[in-house]
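Colleague: Sharing start-v6.csv, CSV, C-alpha atoms:
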chain,number,residue,atom,x,y,z
J,1,MET,CA,7.8,-0.5,-20.5
J,2,ASP,CA,10.9,-2.3,-19.2
J,3,ILE,CA,11.4,-1.0,-15.7
J,4,LYS,CA,14.8,-1.6,-14.2
J,5,THR,CA,15.6,1.3,-11.9
J,6,ILE,CA,13.2,2.3,-9.2
J,7,GLY,CA,13.4,5.4,-7.1
J,8,VAL,CA,12.0,5.3,-3.6
J,9,LEU,CA,11.2,8.6,-1.8
J,10,GLY,CA,11.2,8.3,1.9
J,11,ALA,CA,13.5,6.0,4.1
J,12,GLY,CA,11.1,5.3,6.8
J,13,GLN,CA,9.5,2.0,7.6
J,14,MET,CA,7.4,1.8,4.4
J,15,GLY,CA,10.0,3.3,2.1
J,16,SER,CA,12.9,1.2,3.3
J,17,GLY,CA,10.7,-1.9,3.1
J,18,ILE,CA,9.8,-1.1,-0.5
J,19,ALA,CA,13.4,-0.5,-1.4
J,20,GLN,CA,14.5,-3.8,0.2
J,21,ILE,CA,11.9,-5.9,-1.5
J,22,ALA,CA,12.6,-4.4,-4.9
J,23,ALA,CA,16.3,-4.7,-4.5
J,24,SER,CA,16.0,-8.3,-3.5
J,25,LYS,CA,14.2,-9.1,-6.8
J,26,GLY,CA,17.0,-7.6,-8.9
J,27,TYR,CA,15.8,-4.0,-9.4
J,28,SER,CA,18.3,-1.2,-9.1
J,29,VAL,CA,17.0,1.0,-6.3
J,30,ILE,CA,17.7,4.7,-5.5
J,31,LEU,CA,16.5,5.4,-1.9
J,32,ARG,CA,16.1,9.2,-1.3
J,33,ASP,CA,15.3,11.1,1.9
J,34,ILE,CA,15.8,14.7,2.9
J,35,LYS,CA,18.9,13.8,5.1
J,36,GLN,CA,21.6,11.2,4.3
J,37,GLU,CA,21.5,10.1,8.0
J,38,PHE,CA,17.9,8.9,7.4
J,39,CYS,CA,19.0,6.7,4.5
J,40,ASP,CA,22.0,5.4,6.5
J,41,LYS,CA,19.8,4.4,9.4
J,42,ALA,CA,17.4,2.6,7.0
J,43,LEU,CA,20.3,0.7,5.4
J,44,GLU,CA,21.6,-0.3,8.9
J,45,LYS,CA,18.2,-1.7,9.9
J,46,MET,CA,17.7,-3.4,6.6
J,47,LYS,CA,21.1,-5.1,6.8
J,48,ALA,CA,20.5,-6.2,10.5
J,49,GLY,CA,17.1,-7.7,9.5
J,50,LEU,CA,18.6,-9.5,6.5
J,51,ASP,CA,21.5,-10.9,8.7
J,52,LYS,CA,18.9,-12.3,11.1
J,53,ARG,CA,17.3,-14.2,8.2
J,54,VAL,CA,20.8,-15.6,7.3
J,55,ALA,CA,21.2,-16.7,10.9
J,56,LYS,CA,17.8,-18.5,10.8
J,57,GLY,CA,18.8,-20.2,7.5
J,58,LYS,CA,16.1,-18.3,5.5
J,59,ALA,CA,18.6,-16.5,3.3
J,60,THR,CA,22.3,-16.7,2.3
J,61,ALA,CA,25.0,-14.2,2.8
J,62,GLU,CA,25.2,-14.0,-1.0
J,63,ASP,CA,21.5,-13.0,-1.1
J,64,VAL,CA,22.1,-10.3,1.4
J,65,ALA,CA,25.1,-8.9,-0.4
J,66,ALA,CA,23.2,-8.9,-3.7
J,67,THR,CA,20.2,-7.0,-2.2
J,68,MET,CA,22.4,-4.4,-0.5
J,69,ALA,CA,24.5,-3.9,-3.7
J,70,ASN,CA,21.3,-3.0,-5.6
J,71,ILE,CA,20.5,0.0,-3.3
J,72,SER,CA,22.1,3.4,-3.5
J,73,THR,CA,21.1,6.4,-1.5
J,74,THR,CA,20.9,10.2,-2.0
J,75,GLU,CA,19.5,13.4,-0.5
J,76,ASN,CA,19.3,15.0,-4.0
J,77,MET,CA,16.0,14.7,-5.8
J,78,ALA,CA,17.8,15.3,-9.1
J,79,ASP,CA,19.5,11.9,-8.7
J,80,LEU,CA,16.1,10.3,-9.6
J,81,LYS,CA,16.1,11.8,-13.1
J,82,ASP,CA,16.9,8.5,-14.9
J,83,CYS,CA,14.5,6.2,-12.9
J,84,ASP,CA,12.0,4.2,-14.8
J,85,MET,CA,9.6,4.3,-11.9
J,86,VAL,CA,9.4,6.4,-8.7
J,87,ILE,CA,7.5,5.3,-5.6
J,88,GLU,CA,6.8,8.0,-3.0
J,89,ALA,CA,6.5,6.9,0.6
J,90,ALA,CA,6.6,10.3,2.3
J,91,VAL,CA,4.4,11.5,5.2
J,92,GLU,CA,0.6,11.6,4.7
J,93,ILE,CA,0.3,15.3,4.1
J,94,LEU,CA,-1.3,16.3,0.8
J,95,ASP,CA,0.7,19.4,0.1
J,96,ILE,CA,4.0,17.6,0.7
J,97,LYS,CA,3.0,14.8,-1.7
J,98,LYS,CA,1.7,17.2,-4.3
J,99,GLY,CA,4.9,19.2,-4.2
J,100,ILE,CA,7.0,16.0,-4.6
J,101,PHE,CA,5.2,15.0,-7.8
J,102,LYS,CA,5.3,18.5,-9.2
J,103,GLU,CA,9.1,18.5,-8.7
J,104,LEU,CA,9.5,15.0,-10.0
J,105,GLY,CA,7.5,16.0,-13.1
J,106,GLU,CA,10.2,18.5,-13.9
J,107,ILE,CA,13.2,16.2,-13.1
J,108,CYS,CA,12.3,12.8,-14.5
J,109,ARG,CA,11.6,11.6,-18.0
J,110,ALA,CA,8.1,12.1,-19.4
J,111,ASP,CA,7.5,8.4,-19.4
J,112,THR,CA,8.7,7.7,-15.9
J,113,ILE,CA,5.9,5.9,-13.9
J,114,MET,CA,5.0,7.8,-10.8
J,115,CYS,CA,3.4,6.0,-7.8
J,116,THR,CA,2.3,7.1,-4.4
J,117,ASN,CA,2.1,4.7,-1.4
J,118,THR,CA,-0.7,6.7,0.3
J,119,SER,CA,-3.0,4.5,2.3
J,120,SER,CA,-6.2,6.5,1.7
J,121,MET,CA,-5.7,9.9,0.1
J,122,SER,CA,-6.9,10.8,-3.4
J,123,ILE,CA,-4.5,9.8,-6.1
J,124,THR,CA,-6.1,12.4,-8.4
J,125,GLU,CA,-5.4,15.2,-5.9
J,126,ILE,CA,-1.8,14.0,-5.2
J,127,MET,CA,-1.0,13.9,-8.9
J,128,SER,CA,-2.9,17.1,-9.8
J,129,ASP,CA,0.3,19.1,-10.4
J,130,LEU,CA,2.2,16.3,-12.1
J,131,LYS,CA,3.2,16.7,-15.8
J,132,ASN,CA,1.6,13.9,-17.8
J,133,PRO,CA,-0.7,12.7,-15.0
J,134,GLU,CA,-1.7,9.7,-17.0
J,135,ARG,CA,1.5,8.0,-15.8
J,136,GLY,CA,0.6,8.5,-12.2
J,137,ALA,CA,-1.0,5.8,-9.9
J,138,GLY,CA,-1.4,4.7,-6.4
J,139,MET,CA,0.8,1.7,-5.3
J,140,HIS,CA,-0.3,1.0,-1.7
J,141,PHE,CA,1.9,-1.5,0.2
J,142,PHE,CA,1.0,-3.0,3.6
J,143,PHE,CA,3.1,-3.1,6.7
J,144,PRO,CA,5.5,-4.8,7.1
J,145,VAL,CA,6.3,-4.6,3.4
J,146,THR,CA,8.7,-7.5,3.4
J,147,ALA,CA,6.1,-9.9,4.8
J,148,MET,CA,2.7,-8.7,3.5
J,149,LYS,CA,1.9,-10.1,0.0
J,150,LEU,CA,-0.7,-7.5,-1.2
J,151,VAL,CA,-0.2,-4.3,-3.1
J,152,GLU,CA,-3.2,-2.2,-4.2
J,153,ILE,CA,-2.9,-0.5,-7.6
J,154,ILE,CA,-5.2,2.6,-7.6
J,155,ARG,CA,-6.3,4.6,-10.6
J,156,GLY,CA,-6.5,8.3,-10.5
J,157,GLU,CA,-8.9,10.1,-12.8
J,158,LYS,CA,-6.3,10.3,-15.6
J,159,THR,CA,-4.3,7.1,-15.0
J,160,SER,CA,-3.8,5.2,-18.3
J,161,ASP,CA,-4.3,1.5,-18.9
J,162,ALA,CA,-0.6,1.3,-19.8
J,163,THR,CA,0.4,2.8,-16.4
J,164,VAL,CA,-1.8,0.3,-14.6
J,165,ALA,CA,-0.3,-2.6,-16.6
J,166,ALA,CA,3.2,-1.4,-15.8
J,167,VAL,CA,2.6,-1.0,-12.1
J,168,LYS,CA,0.9,-4.4,-11.9
J,169,GLU,CA,3.9,-6.0,-13.6
J,170,VAL,CA,6.3,-4.5,-11.1
J,171,GLY,CA,4.1,-5.5,-8.2
J,172,ALA,CA,4.1,-9.1,-9.4
J,173,GLY,CA,7.9,-8.8,-10.2
J,174,ILE,CA,8.7,-8.0,-6.5
J,175,GLY,CA,6.6,-10.9,-5.3
J,176,LYS,CA,3.4,-9.2,-4.4
J,177,ALA,CA,-0.2,-10.0,-5.4
J,178,PRO,CA,-1.4,-6.8,-7.2
J,179,VAL,CA,-5.1,-5.9,-7.1
J,180,GLU,CA,-6.7,-3.0,-9.0
J,181,CYS,CA,-8.9,-0.4,-7.4
J,182,LYS,CA,-10.7,0.9,-10.5
J,183,THR,CA,-11.9,4.2,-9.0
J,184,ASP,CA,-10.2,6.8,-6.8
J,185,THR,CA,-12.4,6.1,-3.8
J,186,PRO,CA,-11.5,7.0,-0.2
J,187,GLY,CA,-9.7,4.1,1.5
J,188,PHE,CA,-9.4,2.2,-1.8
J,189,ILE,CA,-10.3,-1.5,-1.3
J,190,VAL,CA,-8.8,-2.6,2.0
J,191,ASN,CA,-9.2,0.4,4.2
J,192,ARG,CA,-12.7,1.1,2.9
J,193,CYS,CA,-13.7,-2.4,4.1
J,194,LEU,CA,-11.4,-2.5,7.1
J,195,PHE,CA,-12.4,0.9,8.6
J,196,ALA,CA,-16.1,0.1,8.4
J,197,PHE,CA,-15.3,-3.1,10.3
J,198,MET,CA,-13.0,-1.5,12.9
J,199,LEU,CA,-15.3,1.5,13.5
J,200,GLU,CA,-18.2,-0.9,14.2
J,201,ALA,CA,-16.0,-2.7,16.7
J,202,VAL,CA,-15.3,0.6,18.5
J,203,HIS,CA,-19.0,1.4,18.5
J,204,CYS,CA,-19.7,-1.9,20.1
J,205,TYR,CA,-17.2,-1.1,22.8
J,206,GLU,CA,-18.4,2.4,23.4
J,207,ASP,CA,-22.1,1.2,23.5
J,208,GLY,CA,-21.2,-1.3,26.2
J,209,VAL,CA,-21.9,-4.3,24.1
J,210,ALA,CA,-18.7,-6.0,25.2
J,211,SER,CA,-15.2,-5.3,26.5
J,212,LEU,CA,-12.5,-4.7,24.0
J,213,GLU,CA,-10.8,-7.9,25.0
J,214,ASP,CA,-14.0,-9.9,24.4
J,215,ILE,CA,-14.6,-8.2,21.0
J,216,ASP,CA,-11.0,-9.1,20.0
J,217,THR,CA,-11.5,-12.7,21.2
J,218,ALA,CA,-14.8,-13.0,19.4
J,219,ILE,CA,-13.4,-11.8,16.1
J,220,LYS,CA,-10.3,-14.0,16.3
J,221,MET,CA,-12.1,-17.1,17.3
J,222,GLY,CA,-15.4,-16.6,15.5
J,223,LEU,CA,-14.0,-15.2,12.2
J,224,ASN,CA,-10.5,-16.9,12.3
J,225,HIS,CA,-8.7,-13.5,12.1
J,226,PRO,CA,-5.1,-13.5,13.3
J,227,LEU,CA,-5.7,-10.3,15.3
J,228,GLY,CA,-8.7,-8.6,16.8
J,229,PRO,CA,-9.7,-5.1,15.6
J,230,PHE,CA,-8.3,-3.4,18.7
J,231,GLU,CA,-5.0,-5.3,18.5
J,232,MET,CA,-4.9,-4.4,14.8
J,233,MET,CA,-5.4,-0.7,15.5
J,234,ASP,CA,-2.6,-0.8,18.1
J,235,LEU,CA,-0.3,-2.5,15.6
J,236,SER,CA,-0.9,0.0,12.8
J,237,GLY,CA,-0.8,3.0,15.2
J,238,LEU,CA,-3.7,4.9,16.7
J,239,ASP,CA,-2.2,8.2,15.6
J,240,THR,CA,-2.9,7.3,11.9
J,241,PHE,CA,-6.6,6.4,12.6
J,242,PRO,CA,-8.1,9.9,12.7
J,243,HIS,CA,-6.4,10.8,9.4
J,244,VAL,CA,-7.9,7.9,7.6
J,245,CYS,CA,-11.3,8.6,9.2
J,246,GLU,CA,-11.2,12.1,7.9
J,247,THR,CA,-10.6,10.8,4.4
J,248,MET,CA,-13.4,8.3,4.7
J,249,GLU,CA,-15.9,10.9,5.7
J,250,ALA,CA,-16.6,11.5,2.0
J,251,LEU,CA,-18.3,8.1,1.8
J,252,PRO,CA,-21.9,7.5,2.6
J,253,VAL,CA,-22.9,6.1,6.0
J,254,THR,CA,-23.3,2.3,6.0
J,255,ASP,CA,-26.7,1.3,4.7
J,256,TRP,CA,-27.9,-1.9,6.4
J,257,SER,CA,-30.6,-2.7,3.8
J,258,THR,CA,-29.9,-5.8,1.5
J,259,PRO,CA,-27.8,-4.7,-1.5
J,260,GLU,CA,-29.4,-5.0,-4.9
J,261,SER,CA,-26.7,-7.3,-6.1
J,262,ILE,CA,-27.5,-9.9,-3.4
J,263,LYS,CA,-31.2,-9.6,-4.0
J,264,LYS,CA,-30.6,-10.5,-7.7
J,265,LEU,CA,-28.4,-13.5,-6.8
J,266,VAL,CA,-31.0,-14.8,-4.4
J,267,LYS,CA,-33.8,-14.3,-6.9
J,268,ASP,CA,-31.8,-16.3,-9.5
J,269,GLY,CA,-31.4,-19.2,-7.0
J,270,LYS,CA,-27.7,-18.5,-6.5
J,271,PHE,CA,-27.2,-19.1,-2.7
J,272,GLY,CA,-23.5,-19.8,-2.6
J,273,ARG,CA,-21.9,-23.2,-2.0
J,274,LYS,CA,-25.2,-24.8,-1.0
J,275,SER,CA,-26.5,-24.2,-4.6
J,276,GLY,CA,-23.2,-24.5,-6.4
J,277,GLU,CA,-23.2,-20.9,-7.4
J,278,GLY,CA,-23.1,-17.5,-5.6
J,279,TRP,CA,-20.6,-14.8,-6.2
J,280,TYR,CA,-18.4,-17.6,-7.5
J,281,ASN,CA,-19.1,-20.9,-9.1
J,282,TYR,CA,-18.5,-24.1,-7.1
How does this structure look as C-alpha cells?

Modeller:
Amino acid sequence: MDIKTIGVLGAGQMGSGIAQIAASKGYSVILRDIKQEFCDKALEKMKAGLDKRVAKGKATAEDVAATMANISTTENMADLKDCDMVIEAAVEILDIKKGIFKELGEICRADTIMCTNTSSMSITEIMSDLKNPERGAGMHFFFPVTAMKLVEIIRGEKTSDATVAAVKEVGAGIGKAPVECKTDTPGFIVNRCLFAFMLEAVHCYEDGVASLEDIDTAIKMGLNHPLGPFEMMDLSGLDTFPHVCETMEALPVTDWSTPESIKKLVKDGKFGRKSGEGWYNY
C-alpha cells in the first residue's frame, strides 16, 4: 500500500513528535485533537524547536518551512476520512482508545491502516471494536520521538502480514528502526525487559542493598547505560509507572532458573564470543 497521508490523533508530546517526524520525511500529516488550541500549541512548540535546530546549523529554514507546510490540523475526526494511515496517541485509557478506533472504523476507508501508540496495553483489546481489525497494529514510539530511533510494531491477534509490512515500511520511511513484536504480550519488547530491570532496582533500594544514587551510578558505570534506572523513571514520569505495572501483572513472576534455550547453547558448546558462536555467530 502506498501511504502518503497520515492522520495523528493527539497533539501532546508523543502525537506532535510523530506528526513532526512524519512531516519532515515528506508525508502529508493531519494532526487532530479535541480542541484546536491544543493543535495550535503543538505547532508553536514544534516550530520553536525546529528554529533552534536552524540556529545551531542542524537544519535549514527551507527544511523547517517544508515540514510545517506538510502539517494541517483539525478538531473534526471526520477530516481523517481520506488518510492512508492513522496513528493514535491519545491518553492511556482503554475505553477512550477503543472508542476512537470504533469511530475511525466508520469514518475511514476499509483499507486505512490503524495504529495505536500505546506503550503497554493490549493491541487486540484496543482494536476489538474496529471494523476489519486485520488492518490494526501497535506502533509504539519512544520519547522524545524526534530523537529516539526505535519504533515497536506490535501484532494484535488479527493483525495481517500485509499490515505489519506496511507499518514497517512507514517506520523505516520516517527514519526509525522498526522491530516486530510477534505476540500481543504486556509491555511488548522494550517495556517487558525494562520494567523487570527497573523493578529489581527498586527492590534493591527498598531492601537496603544500596542507595538509589549508588544503584544509578553502578548501572551507568558498570553497564555503560546513559541513565541509571531511577533517573530513567524520573525522566519518563513516575505517574505512568503504576499503569504499566498493572498491565505487566499478567506476566509470570521472574524465574531465576537457567532458561532451556541457554542450556541447549551451552550443551552444544556455543559459549558466545569465546567459542565463536552463541546467540550470534562471530

Colleague: Fewer than 3 positions away in the same chain doesn't count, so skip those; otherwise give me all residues within 7 Å of Ala177 in chain J, counting only C-alpha atoms, as a VMD selection string.

Modeller: chain J and resid 149 to 151 171 to 172

Colleague: What is the distance, in Å and to one decimal place, between CA of Glu200 in chain J and CA of Gly278 in chain J?

Modeller: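 We find that CA of Glu200 in chain J and CA of Gly278 in chain J lie 26.3 Å from each other.
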
Colleague: Contacts of range 144-148 of chain J at 7 Å or less, counting only C-alpha atoms, minus same-chain residues fewer than 3 places along, as a VMD selection string?

Modeller: chain J and resid 14 17 to 18 21 141

Colleague: Excluding Glu157 in chain J and residues on its chain fewer than 5 positions from it, collect all residues at most 10 Å away from it, counting only C-alpha atoms, and give them as number ranges by chain.

Modeller: J: 122-125, 127-128, 133-134, 136-137, 182-184

Colleague: Hey, which of J:Leu265, J:Gly10, J:Cys39, J:Ala65 ends up closest to Lys97 in chain J? Count only C-alpha atoms.

Modeller: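 Checking each of J:Leu265, J:Gly10, J:Cys39, J:Ala65 against Lys97 in chain J, counting only C-alpha atoms, the winner is J:Gly10.
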
Colleague: For each of J:Met85, J:Val244, J:Leu31, J:Met232, take the minimum atom-to-atom distance to Gly15 in chain J, counting all atoms listed in the file, then give the residue where this is smallest.

Modeller: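 For Gly15 in chain J, the nearest of the candidates is J:Leu31.
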
Colleague: Just the residues within 12 Å of Ala69 in chain J, please, counting all atoms listed in the file, with nothing from its chain fewer than 4 positions along; format it as a short mmCIF file (atom, residue, chain, number, x, y, z; two decimals) with C-alpha atoms, in the coordinates of the input.

Modeller:
data_model
loop_
_atom_site.label_atom_id
_atom_site.label_comp_id
_atom_site.auth_asym_id
_atom_site.auth_seq_id
_atom_site.Cartn_x
_atom_site.Cartn_y
_atom_site.Cartn_z
CA ALA J 19 13.40 -0.50 -1.40
CA GLN J 20 14.50 -3.80 0.20
CA ALA J 22 12.60 -4.40 -4.90
CA ALA J 23 16.30 -4.70 -4.50
CA SER J 24 16.00 -8.30 -3.50
CA LYS J 25 14.20 -9.10 -6.80
CA GLY J 26 17.00 -7.60 -8.90
CA TYR J 27 15.80 -4.00 -9.40
CA SER J 28 18.30 -1.20 -9.10
CA VAL J 29 17.00 1.00 -6.30
CA ILE J 30 17.70 4.70 -5.50
CA LEU J 43 20.30 0.70 5.40
CA LYS J 47 21.10 -5.10 6.80
CA GLU J 62 25.20 -14.00 -1.00
CA ASP J 63 21.50 -13.00 -1.10
CA VAL J 64 22.10 -10.30 1.40
CA ALA J 65 25.10 -8.90 -0.40
CA THR J 73 21.10 6.40 -1.50
#

Colleague: Kindly give the distance, in Å, that separates CA of Ala218 in chain J and CA of Ser236 in chain J, rounded to a single decimal.

Modeller: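 We find that CA of Ala218 in chain J and CA of Ser236 in chain J lie 20.1 Å from each other.
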
Colleague: I need the residue nearest Thr74 in chain J from this list: J:Ile96, J:Ile34, J:Ile87, J:Leu104. Use all atoms listed in the file for the distance.

Modeller: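 Going through J:Ile96, J:Ile34, J:Ile87, J:Leu104 one by one, the smallest distance to Thr74 in chain J is for J:Ile34.
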
Colleague: Do you have the CA of Lys81 in chain J-CA of Met46 in chain J distance handy?

Modeller: 24.9 Å

Colleague: Looking at J:Ala48, J:Asn76, J:Gly7, J:Lys158, which one is nearest to Lys35 in chain J, with distances taken over all atoms listed in the file?

Modeller: J:Asn76

Colleague: Of the candidates J:Ala78, J:Ala11, J:Ala201, J:Ile93, which one gets nearest to Asp40 in chain J if we count all atoms listed in the file?

Modeller: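 Between J:Ala78, J:Ala11, J:Ala201, J:Ile93, the residue approaching Asp40 in chain J most closely is J:Ala11.
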
Colleague: Select, from J:Val209, J:Val86, J:Ala250, J:Met68, the residue with the minimum atom-to-atom distance to Glu44 in chain J, counting all atoms listed in the file.

Modeller: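 Closest to Glu44 in chain J of all the choices is J:Met68.
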
Colleague: Please list as an mmCIF file with C-alpha atoms, in the coordinates of the input every residue within 12 Å of Thr185 in chain J, counting only C-alpha atoms and excluding residues in the same chain fewer than 2 positions away.

Modeller:
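Output contents, as saved in around_0.cif:
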data_model
loop_
_atom_site.group_PDB
_atom_site.id
_atom_site.type_symbol
_atom_site.label_atom_id
_atom_site.label_comp_id
_atom_site.auth_asym_id
_atom_site.auth_seq_id
_atom_site.Cartn_x
_atom_site.Cartn_y
_atom_site.Cartn_z
ATOM 1 C CA SER J 119 -3.000 4.500 2.300
ATOM 2 C CA SER J 120 -6.200 6.500 1.700
ATOM 3 C CA MET J 121 -5.700 9.900 0.100
ATOM 4 C CA SER J 122 -6.900 10.800 -3.400
ATOM 5 C CA ILE J 123 -4.500 9.800 -6.100
ATOM 6 C CA THR J 124 -6.100 12.400 -8.400
ATOM 7 C CA GLU J 125 -5.400 15.200 -5.900
ATOM 8 C CA GLY J 138 -1.400 4.700 -6.400
ATOM 9 C CA ILE J 154 -5.200 2.600 -7.600
ATOM 10 C CA ARG J 155 -6.300 4.600 -10.600
ATOM 11 C CA GLY J 156 -6.500 8.300 -10.500
ATOM 12 C CA GLU J 157 -8.900 10.100 -12.800
ATOM 13 C CA GLU J 180 -6.700 -3.000 -9.000
ATOM 14 C CA CYS J 181 -8.900 -0.400 -7.400
ATOM 15 C CA LYS J 182 -10.700 0.900 -10.500
ATOM 16 C CA THR J 183 -11.900 4.200 -9.000
ATOM 17 C CA GLY J 187 -9.700 4.100 1.500
ATOM 18 C CA PHE J 188 -9.400 2.200 -1.800
ATOM 19 C CA ILE J 189 -10.300 -1.500 -1.300
ATOM 20 C CA VAL J 190 -8.800 -2.600 2.000
ATOM 21 C CA ASN J 191 -9.200 0.400 4.200
ATOM 22 C CA ARG J 192 -12.700 1.100 2.900
ATOM 23 C CA CYS J 193 -13.700 -2.400 4.100
ATOM 24 C CA THR J 247 -10.600 10.800 4.400
ATOM 25 C CA MET J 248 -13.400 8.300 4.700
ATOM 26 C CA GLU J 249 -15.900 10.900 5.700
ATOM 27 C CA ALA J 250 -16.600 11.500 2.000
ATOM 28 C CA LEU J 251 -18.300 8.100 1.800
ATOM 29 C CA PRO J 252 -21.900 7.500 2.600
#

Colleague: Complete range 96-112 of chain J with N, CA and C atoms (output as a tab-separated table (two decimals), in the coordinates of the input).

Modeller:
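Saved to out_37.tsv:
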chain	number	residue	atom	x	y	z
J	96	ILE	N	2.60	18.16	0.82
J	96	ILE	CA	4.00	17.60	0.70
J	96	ILE	C	4.00	16.66	-0.51
J	97	LYS	N	3.02	15.77	-0.58
J	97	LYS	CA	3.00	14.80	-1.70
J	97	LYS	C	2.80	15.50	-3.02
J	98	LYS	N	1.89	16.46	-3.08
J	98	LYS	CA	1.70	17.20	-4.30
J	98	LYS	C	2.96	17.89	-4.78
J	99	GLY	N	3.67	18.49	-3.83
J	99	GLY	CA	4.90	19.20	-4.20
J	99	GLY	C	5.97	18.23	-4.69
J	100	ILE	N	6.02	17.03	-4.12
J	100	ILE	CA	7.00	16.00	-4.60
J	100	ILE	C	6.75	15.68	-6.03
J	101	PHE	N	5.49	15.42	-6.40
J	101	PHE	CA	5.20	15.00	-7.80
J	101	PHE	C	5.32	16.15	-8.77
J	102	LYS	N	5.06	17.36	-8.31
J	102	LYS	CA	5.30	18.50	-9.20
J	102	LYS	C	6.77	18.61	-9.51
J	103	GLU	N	7.62	18.44	-8.49
J	103	GLU	CA	9.10	18.50	-8.70
J	103	GLU	C	9.57	17.33	-9.54
J	104	LEU	N	9.07	16.14	-9.26
J	104	LEU	CA	9.50	15.00	-10.00
J	104	LEU	C	9.11	15.11	-11.51
J	105	GLY	N	7.97	15.75	-11.76
J	105	GLY	CA	7.50	16.00	-13.10
J	105	GLY	C	8.52	16.81	-13.93
J	106	GLU	N	9.24	17.66	-13.24
J	106	GLU	CA	10.20	18.50	-13.90
J	106	GLU	C	11.57	17.81	-14.03
J	107	ILE	N	11.85	16.87	-13.14
J	107	ILE	CA	13.20	16.20	-13.10
J	107	ILE	C	13.23	14.97	-13.95
J	108	CYS	N	12.21	14.12	-13.85
J	108	CYS	CA	12.30	12.80	-14.50
J	108	CYS	C	11.79	12.85	-15.95
J	109	ARG	N	12.04	11.75	-16.66
J	109	ARG	CA	11.60	11.60	-18.00
J	109	ARG	C	10.06	11.68	-18.11
J	110	ALA	N	9.54	12.02	-19.26
J	110	ALA	CA	8.10	12.10	-19.40
J	110	ALA	C	7.38	10.80	-19.32
J	111	ASP	N	8.14	9.69	-19.50
J	111	ASP	CA	7.50	8.40	-19.40
J	111	ASP	C	7.77	7.64	-18.11
J	112	THR	N	8.44	8.31	-17.17
J	112	THR	CA	8.70	7.70	-15.90
J	112	THR	C	7.38	7.44	-15.16
